[in-house]
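Participant: Please find one structure pasted underneath; my questions will follow.
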Number of protein chains: 2
Amino acid sequence: MSQRQTPSYDGSMTHPPATLDRPATIADVARLAGVSVPTVSRVLTGAARVSEERRHRVDKAIASLGYRPSAAAQVLASRRSMTIAIVAANTSRYGYAEAIRGVEESARAAGYAVIIVVVESERNDEVRAAVDAVLRQSVAGVVILKFDPPGVAALKALQSAVPVVALSGVPEAGVPQAVLDESEAAAALTEHLLNLGHATVHHVRIPPSGKEDGRTTGWRLALQRHRKWVPPIEDVSWDVTTAYEIGTRLAKDPEVTAVFCGNDETAMGLIRGVFDSGKKVPRDISVVGFDDHPLASMFIPALTTARQDFAELGRHGTAQLMALLEGESPLALETVEPPLVFRESTAPPSKHPR
Amino acid sequence: MSQRQTPSYDGSMTHPPATLDRPATIADVARLAGVSVPTVSRVLTGAARVSEERRHRVDKAIASLGYRPSAAAQVLASRRSMTIAIVAANTSRYGYAEAIRGVEESARAAGYAVIIVVVESERNDEVRAAVDAVLRQSVAGVVILKFDPPGVAALKALQSAVPVVALSGVPEAGVPQAVLDESEAAAALTEHLLNLGHATVHHVRIPPSGKEDGRTTGWRLALQRHRKWVPPIEDVSWDVTTAYEIGTRLAKDPEVTAVFCGNDETAMGLIRGVFDSGKKVPRDISVVGFDDHPLASMFIPALTTARQDFAELGRHGTAQLMALLEGESPLALETVEPPLVFRESTAPPSKHPR
DNA sequence: CCCCTTCTTGAAACCGCTTTCAACCATCGG
DNA sequence: CCGATGGTTGAAAGCGGTTTCAAGAAGGGG
């Protein structure tokens with residue numbers, strides 16, 4: 001199609017004796033090996049026995065031609081696919097990126113290729129486009145990151161058409177899924193703050209996946225369990241600067257002495273906002289995050305938070321999908337509970353407010 | 001293949017009057033529209049004129065059947081593909097994730113699907129596996145993140161076999177690429193430190209892309225230009241804790257008053273290490289990072305750094321690839337220079353060492 | 001020694017689409 | 001009124017594999 005302009009290194013790994021000018025096909029292999037095409041196919045797929053001797057000739061031919069079966073042709077002929085799709089609203093945000101890494105890794109290990117389709121919003125045309133992209137590619141199955149409205153919408157639109165497993169923060173019936181149960185840890189974190197002596201804890205909520213995410217639920221539960229006042233929720237966007245602003249705002253309110261942030265980035269932004277307002281964390285205000293972001297322990301003050309292993313979640317999701325594809329019974333719904341990690345951003349409330 | 005277990009929402013977007021139990025094919029559409037298969041193909045691809053009336057019938061049939069052309073069949077028949085591959089060593093690290101997001105976004109806008117193949121190391125079998133994955137998928141082209149040894153190896157192995165553009169931090173001849181020229185900014189950052197009065201600037205190097213990356217080169221150049229001593233380089237892994245350790249080590253050396261870190265995460269880890277060793281940034285040691293990570297401005301102290309727009313780099317790369325695929329002359333090698341951003345982590349050296 | 005199994009093998013059909021290519025139709029100029 | 005011209009259309013041939021099926025070879029039992 002287009003000539004490479006570097007004649008130097010011809011990538012010997014690519015087509016060793018490079019005798020053809022086009023990529024080798026199964027017919028080329030068959031010819032060179034002196035066998036029929038179906039025989040080559042059989043050694044490729046291992047679907048049926050092939051005599052030792054022929055198999056060997058075929059293997060040699062494959063190696064010598066640098067032959068690589070065309071995935072497209074295989075899909076078409078066999079009606080089954082060795083690629084899965086990951087659908088997510090975002091690929092670069094920490095938790096998402098880690099989850100994607102987890103499913104990619106394990107999918108690759110299982111011999112699957114992965115295509116990534118992002119659906120940025122829950123707008124109908126966007127969701128439709130994503131569904132289209134997935135379905136046109138004839139994937140074996142899809143893993144959906146169901147942490148936000150776009151994910152939820154994509155799941156809804158896709159689950160009837162193709163094997164799907166969802167990665168999520170709250171268990172939900174009806175869909176195979178891997179879940180990182182956030183509500184327990186959120187509650188525990190909130191209680192930690194309460195036990196420190198804070199009258200209540202405020203909550204900064206990250207964009208939720210539906211009605212309510214596990215983090216918010218856990219926080220509310222803990223407060224109710226301890227019969228504490230449930231302050232109004234502060235909503236934050238994915239952009240850290242909004243967390244910063246909330247920090248400056250909250251710093252002015254003498255009532256707030258403890259805040260539970262939906263994730264660590266938010267916590268860091270908020271702490272900075274508090275700091276720039278002349279208050280200190282944890283002296284004047286205690287802050288907890290969520291996720292245990294790689295920088296959470298480096299931040300000054302280091303964040304008290306709950307560790308989420310998103311990559312592991314992704315691996316679980318893939319395993320779930322593989323099982324589903326094999327027709328096995330869905331794996332036990334392993335919900336992993338994030339362990340708490342206590343660091344420097346929390347302390348008893350100050351004796352001298354203001 | 002496997003029954004969905006939720007009979008409730010049947011995803012009306014997926015196959016509206018769902019009359020077939022299998023996905024509709026082009027033949028189904030042709031039959032329903034009362035035209036031949038090639039005619040449907042023509043309205044699909046727009047390759048040839050079709051009478052107004054037939055086109056309309058076909059469109060209606062497509063809509064009513066919820067027909068989606070099979071990408072695999074299209075690839076096979078047309079010998080051209082509408083998917084590109086991104087190959088990267090890692091998908092979740094900040095810069096990589098952003099770059100991937102950039103190429104995904106623009107590829108999607110251009111109508112391309114994207115598969116992601118990661119090559120974790122430069123080990124021969126790994127590189128080979130990646131090459132295999134790419135080539136088997138019959139992609140139109142690939143974008144390689146050439147920021148580390150695995151990327152370099154993959155590039156080398158792939159460039160002779162398929163249209164490739166590299167995303168990189170240092171210009172290199174012979175390969176179409178989009179580059180974020182890091183050396184200028186690195187030099188400027190180093191000079192900023194020198195101008196502040198520091199005797200020299202130490203350097204913590206992130207895993208390099210080959211012999212030397214632009215950041216290191218720029219740093220060295222600036223030092224030489226100012227006839228300053230070039231201290232031995234500290235190497236750091238991607239794991240932030242190694243940066244932390246280097247920080248504790250450097251803090252003990254009274255000679256080091258300024259350090260240039262290969263990226264912001266490293267800078268933050270290092271600052272924390274310095275902090276835990278009883279020294280303060282920038283009072284005792286000045287630190288600069290690179291990238292302008294979203295948290296760089298929230299960190300305390302906020303980082304002086306150089307802003308890198310990796311997503312934009314990704315977009316440039318895709319544009320480059322598209323041009324290449326159209327047979328257009330490669331776009332002018334737009335090298336973007338990262339703008340410097342001065343914040344709190346740098347200051348004149350302390351008058352009272354120790 | 002013969003017939004029936006069991007394996008291994010290749011011919012042919014097919015997967016869902018694109019791409020010649022030739023046939024057809026209508027229009028148009030002479 | 002006729003042949004030339006140009007635009008639409010469908011039949012048929014692939015694209016690169018897999019799968020069905022029947023044929024041939026080899027092995028086994030009576």
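Identifiers in the structure tokens: chain A, B, ... in order shown; residue index from 1 per chain; ligand index from 1 in order shown.
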I want to know what sits within 8 Å of range 148-151 of chain A, based on only C-alpha atoms (C1' of nucleotides), with residues of the same chain fewer than 6 positions away left out; could you give that as a PDB file with N, CA, C and O atoms, in the first residue's frame?
Facilitator:
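Below is the file around-v4.pdb, written as the result:
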```pdb
ATOM      1  N   VAL A  87     -15.283  -1.192  26.695  1.00  0.00           N
ATOM      2  CA  VAL A  87     -15.909   0.106  26.489  1.00  0.00           C
ATOM      3  C   VAL A  87     -15.859   0.900  27.769  1.00  0.00           C
ATOM      4  O   VAL A  87     -16.152   0.408  28.852  1.00  0.00           O
ATOM      5  N   ALA A  88     -15.409   2.130  27.624  1.00  0.00           N
ATOM      6  CA  ALA A  88     -15.204   2.997  28.772  1.00  0.00           C
ATOM      7  C   ALA A  88     -15.505   4.432  28.381  1.00  0.00           C
ATOM      8  O   ALA A  88     -15.513   4.776  27.208  1.00  0.00           O
ATOM      9  N   ALA A  89     -15.748   5.236  29.386  1.00  0.00           N
ATOM     10  CA  ALA A  89     -16.060   6.632  29.117  1.00  0.00           C
ATOM     11  C   ALA A  89     -14.784   7.447  28.955  1.00  0.00           C
ATOM     12  O   ALA A  89     -14.776   8.508  28.363  1.00  0.00           O
ATOM     13  N   VAL A 119     -17.017   5.812  24.927  1.00  0.00           N
ATOM     14  CA  VAL A 119     -18.298   6.485  24.791  1.00  0.00           C
ATOM     15  C   VAL A 119     -18.283   7.607  25.813  1.00  0.00           C
ATOM     16  O   VAL A 119     -18.365   7.382  27.015  1.00  0.00           O
ATOM     17  N   GLU A 120     -18.109   8.801  25.307  1.00  0.00           N
ATOM     18  CA  GLU A 120     -17.832   9.922  26.196  1.00  0.00           C
ATOM     19  C   GLU A 120     -19.026  10.403  27.001  1.00  0.00           C
ATOM     20  O   GLU A 120     -18.863  10.922  28.088  1.00  0.00           O
ATOM     21  N   SER A 121     -20.191  10.283  26.430  1.00  0.00           N
ATOM     22  CA  SER A 121     -21.357  10.760  27.165  1.00  0.00           C
ATOM     23  C   SER A 121     -22.475   9.742  27.028  1.00  0.00           C
ATOM     24  O   SER A 121     -22.350   8.761  26.313  1.00  0.00           O
ATOM     25  N   GLU A 122     -23.571  10.004  27.705  1.00  0.00           N
ATOM     26  CA  GLU A 122     -24.682   9.073  27.586  1.00  0.00           C
ATOM     27  C   GLU A 122     -25.647   9.526  26.497  1.00  0.00           C
ATOM     28  O   GLU A 122     -26.743   8.983  26.381  1.00  0.00           O
ATOM     29  N   ARG A 123     -25.256  10.533  25.750  1.00  0.00           N
ATOM     30  CA  ARG A 123     -26.112  10.998  24.661  1.00  0.00           C
ATOM     31  C   ARG A 123     -26.411   9.846  23.716  1.00  0.00           C
ATOM     32  O   ARG A 123     -25.550   9.028  23.404  1.00  0.00           O
ATOM     33  N   VAL A 127     -23.908   6.803  22.333  1.00  0.00           N
ATOM     34  CA  VAL A 127     -24.064   5.423  22.771  1.00  0.00           C
ATOM     35  C   VAL A 127     -24.282   4.534  21.547  1.00  0.00           C
ATOM     36  O   VAL A 127     -23.685   3.468  21.403  1.00  0.00           O
ATOM     37  N   PRO A 207     -18.393  12.280  39.901  1.00  0.00           N
ATOM     38  CA  PRO A 207     -19.513  11.961  39.006  1.00  0.00           C
ATOM     39  C   PRO A 207     -19.967  10.531  39.210  1.00  0.00           C
ATOM     40  O   PRO A 207     -19.175   9.604  39.080  1.00  0.00           O
ATOM     41  N   PRO A 208     -21.216  10.338  39.560  1.00  0.00           N
ATOM     42  CA  PRO A 208     -21.738   9.038  39.978  1.00  0.00           C
ATOM     43  C   PRO A 208     -22.144   8.165  38.797  1.00  0.00           C
ATOM     44  O   PRO A 208     -22.361   8.659  37.697  1.00  0.00           O
ATOM     45  N   SER A 209     -22.271   6.880  39.071  1.00  0.00           N
ATOM     46  CA  SER A 209     -22.561   5.929  38.012  1.00  0.00           C
ATOM     47  C   SER A 209     -24.045   5.726  37.793  1.00  0.00           C
ATOM     48  O   SER A 209     -24.454   5.023  36.901  1.00  0.00           O
ATOM     49  N   GLY A 210     -24.844   6.327  38.619  1.00  0.00           N
ATOM     50  CA  GLY A 210     -26.274   6.121  38.441  1.00  0.00           C
ATOM     51  C   GLY A 210     -26.964   6.934  39.494  1.00  0.00           C
ATOM     52  O   GLY A 210     -26.629   8.093  39.684  1.00  0.00           O
TER      53      GLY A 210
END
```
Participant: Among range 111-202 of chain B, which residues does DSSP mark as strand (DSSP E) when it is run on the backbone? Keep the chain and numbering as in the structure and answer as a list in words.
Facilitator: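 Secondary structure check on range 111-202 of chain B, strand (DSSP E): Ala113, Val114, Ile115, Ile116, Val117, Val118, Gly141, Val142, Val143, Ile144, Leu145, Val164, Val165, Ala166, Leu167, Ser168, Gln177, Ala178, Val179, Leu180 and His202 of chain B.
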Participant: Taking N, CA, C and O atoms for each residue, export the selection above as a CSV table (one decimal), in the first residue's frame.
Facilitator:
```csv
chain,number,residue,atom,x,y,z
B,113,ALA,N,-11.6,2.3,13.9
B,113,ALA,CA,-11.6,1.6,15.2
B,113,ALA,C,-10.2,1.5,15.7
B,113,ALA,O,-9.3,1.5,14.9
B,114,VAL,N,-10.0,1.3,16.9
B,114,VAL,CA,-8.6,1.2,17.4
B,114,VAL,C,-8.4,0.0,18.3
B,114,VAL,O,-9.2,-0.3,19.2
B,115,ILE,N,-7.4,-0.8,18.0
B,115,ILE,CA,-7.0,-1.9,18.8
B,115,ILE,C,-5.7,-1.5,19.6
B,115,ILE,O,-4.9,-0.7,19.0
B,116,ILE,N,-5.6,-2.0,20.8
B,116,ILE,CA,-4.5,-1.6,21.5
B,116,ILE,C,-3.6,-2.8,21.8
B,116,ILE,O,-4.1,-3.8,22.3
B,117,VAL,N,-2.4,-2.7,21.5
B,117,VAL,CA,-1.5,-3.8,21.8
B,117,VAL,C,-0.3,-3.3,22.6
B,117,VAL,O,0.3,-2.3,22.3
B,118,VAL,N,-0.1,-3.9,23.7
B,118,VAL,CA,0.9,-3.5,24.6
B,118,VAL,C,2.1,-4.4,24.6
B,118,VAL,O,1.9,-5.7,24.5
B,141,GLY,N,-2.9,0.9,9.8
B,141,GLY,CA,-1.6,1.5,10.2
B,141,GLY,C,-1.5,1.5,11.7
B,141,GLY,O,-2.4,1.0,12.4
B,142,VAL,N,-0.4,1.9,12.2
B,142,VAL,CA,-0.2,1.9,13.6
B,142,VAL,C,0.5,3.1,14.1
B,142,VAL,O,1.3,3.7,13.4
B,143,VAL,N,0.1,3.5,15.3
B,143,VAL,CA,0.8,4.6,16.0
B,143,VAL,C,1.5,4.0,17.2
B,143,VAL,O,1.0,3.2,18.0
B,144,ILE,N,2.8,4.2,17.2
B,144,ILE,CA,3.6,3.6,18.3
B,144,ILE,C,4.1,4.7,19.3
B,144,ILE,O,4.6,5.8,18.9
B,145,LEU,N,3.9,4.4,20.5
B,145,LEU,CA,4.5,5.3,21.6
B,145,LEU,C,5.9,5.0,21.8
B,145,LEU,O,6.3,4.0,22.4
B,164,VAL,N,3.5,3.2,9.7
B,164,VAL,CA,3.7,3.4,11.1
B,164,VAL,C,4.0,4.9,11.3
B,164,VAL,O,4.7,5.5,10.6
B,165,VAL,N,3.4,5.5,12.4
B,165,VAL,CA,4.0,6.8,12.8
B,165,VAL,C,4.3,6.7,14.3
B,165,VAL,O,3.6,6.0,15.0
B,166,ALA,N,5.4,7.3,14.7
B,166,ALA,CA,5.8,7.2,16.0
B,166,ALA,C,5.5,8.5,16.8
B,166,ALA,O,5.5,9.6,16.2
B,167,LEU,N,5.2,8.3,18.1
B,167,LEU,CA,5.0,9.5,19.0
B,167,LEU,C,6.2,9.5,19.8
B,167,LEU,O,6.6,8.5,20.4
B,168,SER,N,6.9,10.6,19.9
B,168,SER,CA,8.2,10.6,20.5
B,168,SER,C,8.6,11.9,21.1
B,168,SER,O,7.9,12.9,21.0
B,177,GLN,N,6.6,10.8,12.2
B,177,GLN,CA,6.4,10.9,13.6
B,177,GLN,C,5.8,12.3,14.0
B,177,GLN,O,5.8,13.2,13.3
B,178,ALA,N,5.3,12.3,15.2
B,178,ALA,CA,4.8,13.5,15.9
B,178,ALA,C,5.7,13.6,17.1
B,178,ALA,O,5.8,12.7,17.8
B,179,VAL,N,6.3,14.7,17.2
B,179,VAL,CA,7.2,14.8,18.4
B,179,VAL,C,6.9,16.1,19.2
B,179,VAL,O,6.6,17.1,18.8
B,180,LEU,N,7.1,15.8,20.5
B,180,LEU,CA,7.0,16.9,21.5
B,180,LEU,C,8.4,17.2,21.9
B,180,LEU,O,9.0,16.4,22.6
B,202,HIS,N,21.2,18.7,39.5
B,202,HIS,CA,21.2,17.3,39.4
B,202,HIS,C,20.0,16.8,38.6
B,202,HIS,O,19.0,17.5,38.4
```
Participant: Could you work out how far CA of Glu255 in chain A lies from CA of Val201 in chain A, giving the answer in Å with one decimal?
Facilitator: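 CA of Glu255 in chain A lies 9.7 Å from CA of Val201 in chain A.
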Participant: Provide as a ChimeraX atom specification the residues of chain A at most 6 Å from chain D, counting only C-alpha atoms (C1' of nucleotides).
Facilitator: /A:73-74,77-78
Participant: For chain A versus chain C, which residues have an atom no more than 12 Å away, and what is each residue's nearest atom pair and distance in Å rounded to one decimal, using only C-alpha atoms (C1' of nucleotides), chain-then-number order, as a tab-separated table?
Facilitator:
```
residue	atom	partner	partner_atom	distance
A:Ala30	CA	C:DG10	C1'	11.5
A:Gly34	CA	C:DG10	C1'	11.8
A:Val35	CA	C:DG10	C1'	8.6
A:Ser36	CA	C:DG10	C1'	6.1
A:Val37	CA	C:DG10	C1'	8.2
A:Pro38	CA	C:DG10	C1'	7.4
A:Thr39	CA	C:DT9	C1'	7.4
A:Val40	CA	C:DT9	C1'	11.1
A:Arg42	CA	C:DT9	C1'	10.8
A:Ala48	CA	C:DT8	C1'	9.3
A:Arg49	CA	C:DT8	C1'	7.5
A:Val50	CA	C:DT8	C1'	6.7
A:Ser51	CA	C:DT8	C1'	7.2
A:Glu52	CA	C:DT8	C1'	10.9
A:Glu53	CA	C:DT8	C1'	11.8
A:Arg54	CA	C:DT8	C1'	10.5
A:Arg55	CA	C:DT8	C1'	11.8
A:Ala72	CA	C:DC15	C1'	10.6
A:Ala73	CA	C:DC15	C1'	8.5
A:Gln74	CA	C:DC15	C1'	9.2
A:Val75	CA	C:DC15	C1'	8.4
A:Leu76	CA	C:DC15	C1'	4.9
A:Ala77	CA	C:DC15	C1'	4.6
A:Ser78	CA	C:DC15	C1'	7.5
A:Arg79	CA	C:DC15	C1'	7.4
A:Arg80	CA	C:DC15	C1'	10.8
A:Arg136	CA	C:DG16	C1'	11.9
A:Ser138	CA	C:DG16	C1'	11.9
```
Participant: The selected residues should be written to file as a JSON list (two decimals), in the first residue's frame (atoms: C-alpha atoms).
Facilitator:
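Okay, again-v4.json is ready:
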```json
[["chain", "number", "residue", "atom", "x", "y", "z"],
["A", 30, "ALA", "CA", -0.09, -25.31, 1.76],
["A", 34, "GLY", "CA", 2.92, -29.81, -0.25],
["A", 35, "VAL", "CA", -0.34, -30.32, 1.57],
["A", 36, "SER", "CA", -3.87, -29.12, 1.17],
["A", 37, "VAL", "CA", -5.22, -25.93, 2.60],
["A", 38, "PRO", "CA", -7.50, -27.65, 5.10],
["A", 39, "THR", "CA", -4.52, -29.51, 6.47],
["A", 40, "VAL", "CA", -2.76, -26.27, 7.18],
["A", 42, "ARG", "CA", -5.94, -28.06, 10.97],
["A", 48, "ALA", "CA", -8.10, -32.33, 14.11],
["A", 49, "ARG", "CA", -5.15, -34.65, 14.10],
["A", 50, "VAL", "CA", -2.52, -34.26, 11.44],
["A", 51, "SER", "CA", 0.24, -36.76, 10.88],
["A", 52, "GLU", "CA", 3.47, -35.97, 12.60],
["A", 53, "GLU", "CA", 5.30, -35.62, 9.35],
["A", 54, "ARG", "CA", 2.89, -33.27, 7.65],
["A", 55, "ARG", "CA", 2.51, -31.16, 10.69],
["A", 72, "ALA", "CA", -10.52, -11.20, 9.66],
["A", 73, "ALA", "CA", -10.68, -14.34, 7.56],
["A", 74, "GLN", "CA", -10.74, -16.51, 10.63],
["A", 75, "VAL", "CA", -13.59, -14.59, 12.13],
["A", 76, "LEU", "CA", -15.51, -14.77, 8.92],
["A", 77, "ALA", "CA", -15.03, -18.44, 8.36],
["A", 78, "SER", "CA", -15.29, -19.73, 11.87],
["A", 79, "ARG", "CA", -17.92, -17.33, 13.09],
["A", 80, "ARG", "CA", -16.04, -16.88, 16.29],
["A", 136, "ARG", "CA", -19.40, -4.25, 13.61],
["A", 138, "SER", "CA", -17.70, -9.00, 15.70]]
```
Participant: One number please: CA of Leu221 in chain B to CA of Ala97 in chain B, in Å, one decimal.
Facilitator: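 Distance between the two atoms: 29.3 Å.
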Participant: I need the residue nearest chain B from this list: A:Asp59, A:Glu191, A:Glu182, A:Asp239. Use only C-alpha atoms for the distance.
Facilitator: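 That would be A:Asp239, the residue with the smallest distance to chain B.
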Participant: Enumerate, as a PyMOL selection string, the complete set of residues in range 27-108 of chain A that a backbone-based DSSP assignment places in helix (DSSP H, G or I).
Facilitator: chain A and resi 27-33+37-45+52-65+71-78+94-108
Participant: Of the candidates A:Arg220, A:Arg128, A:Lys252, A:Arg22, which one gets nearest to chain B if we count only C-alpha atoms?
Facilitator: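 For chain B, the nearest of the candidates is A:Arg128.
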Participant: So which residues touch Gly218 in chain A within 6 Å, counting only C-alpha atoms (C1' of nucleotides), skipping near sequence neighbours fewer than 2 positions away, as a CSV table (one decimal) with all heavy atoms, in the first residue's frame?
Facilitator:
```csv
chain,number,residue,atom,x,y,z
A,183,SER,N,-18.8,0.4,49.2
A,183,SER,CA,-19.6,1.1,50.2
A,183,SER,C,-19.0,0.7,51.6
A,183,SER,O,-19.0,1.6,52.5
A,183,SER,CB,-21.0,0.6,50.1
A,183,SER,OG,-21.2,-0.8,50.1
A,184,GLU,N,-18.6,-0.5,51.8
A,184,GLU,CA,-18.0,-0.9,53.1
A,184,GLU,C,-16.9,0.0,53.5
A,184,GLU,O,-16.8,0.5,54.6
A,184,GLU,CB,-17.6,-2.4,53.1
A,184,GLU,CG,-18.7,-3.4,53.3
A,184,GLU,CD,-19.5,-3.1,54.6
A,184,GLU,OE1,-18.8,-2.8,55.6
A,184,GLU,OE2,-20.7,-3.1,54.6
A,186,ALA,N,-16.0,2.8,52.3
A,186,ALA,CA,-16.5,4.2,52.4
A,186,ALA,C,-17.0,4.4,53.8
A,186,ALA,O,-16.7,5.4,54.5
A,186,ALA,CB,-17.5,4.6,51.4
A,187,ALA,N,-17.8,3.5,54.3
A,187,ALA,CA,-18.4,3.6,55.6
A,187,ALA,C,-17.3,3.5,56.7
A,187,ALA,O,-17.3,4.3,57.6
A,187,ALA,CB,-19.4,2.4,55.8
A,214,GLY,N,-21.2,3.5,45.4
A,214,GLY,CA,-21.0,2.9,46.7
A,214,GLY,C,-20.3,3.8,47.7
A,214,GLY,O,-20.5,3.7,48.9
A,215,ARG,N,-19.5,4.7,47.2
A,215,ARG,CA,-18.8,5.6,48.1
A,215,ARG,C,-19.7,6.5,48.8
A,215,ARG,O,-19.7,6.6,50.1
A,215,ARG,CB,-17.8,6.4,47.3
A,215,ARG,CG,-16.9,5.5,46.4
A,215,ARG,CD,-15.9,6.3,45.5
A,215,ARG,NE,-15.3,5.3,44.6
A,215,ARG,CZ,-14.2,5.4,44.0
A,215,ARG,NH1,-13.4,6.5,44.2
A,215,ARG,NH2,-13.7,4.5,43.2
A,216,THR,N,-20.6,7.1,48.1
A,216,THR,CA,-21.6,7.9,48.7
A,216,THR,C,-22.5,7.2,49.6
A,216,THR,O,-22.8,7.6,50.7
A,216,THR,CB,-22.5,8.6,47.6
A,216,THR,OG1,-21.6,9.4,46.8
A,216,THR,CG2,-23.5,9.6,48.2
A,220,ARG,N,-23.0,7.8,53.7
A,220,ARG,CA,-24.3,8.1,54.3
A,220,ARG,C,-24.7,7.1,55.3
A,220,ARG,O,-25.2,7.5,56.4
A,220,ARG,CB,-25.4,8.1,53.1
A,220,ARG,CG,-26.8,8.6,53.6
A,220,ARG,CD,-27.8,8.3,52.6
A,220,ARG,NE,-27.5,8.7,51.3
A,220,ARG,CZ,-27.5,9.9,50.8
A,220,ARG,NH1,-28.0,10.9,51.6
A,220,ARG,NH2,-27.2,10.2,49.6
A,221,LEU,N,-24.5,5.9,55.0
A,221,LEU,CA,-24.8,4.8,56.0
A,221,LEU,C,-24.1,5.0,57.3
A,221,LEU,O,-24.7,4.9,58.4
A,221,LEU,CB,-24.4,3.4,55.3
A,221,LEU,CG,-25.5,2.4,55.2
A,221,LEU,CD1,-26.7,3.0,54.4
A,221,LEU,CD2,-25.0,1.2,54.5
```
Participant: In Å, rounded to a single decimal, give me how far CA of Gly273 in chain B is from CA of Glu245 in chain B.
Facilitator: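 Atom-to-atom, CA of Glu245 in chain B and CA of Gly273 in chain B are spaced 6.1 Å apart.
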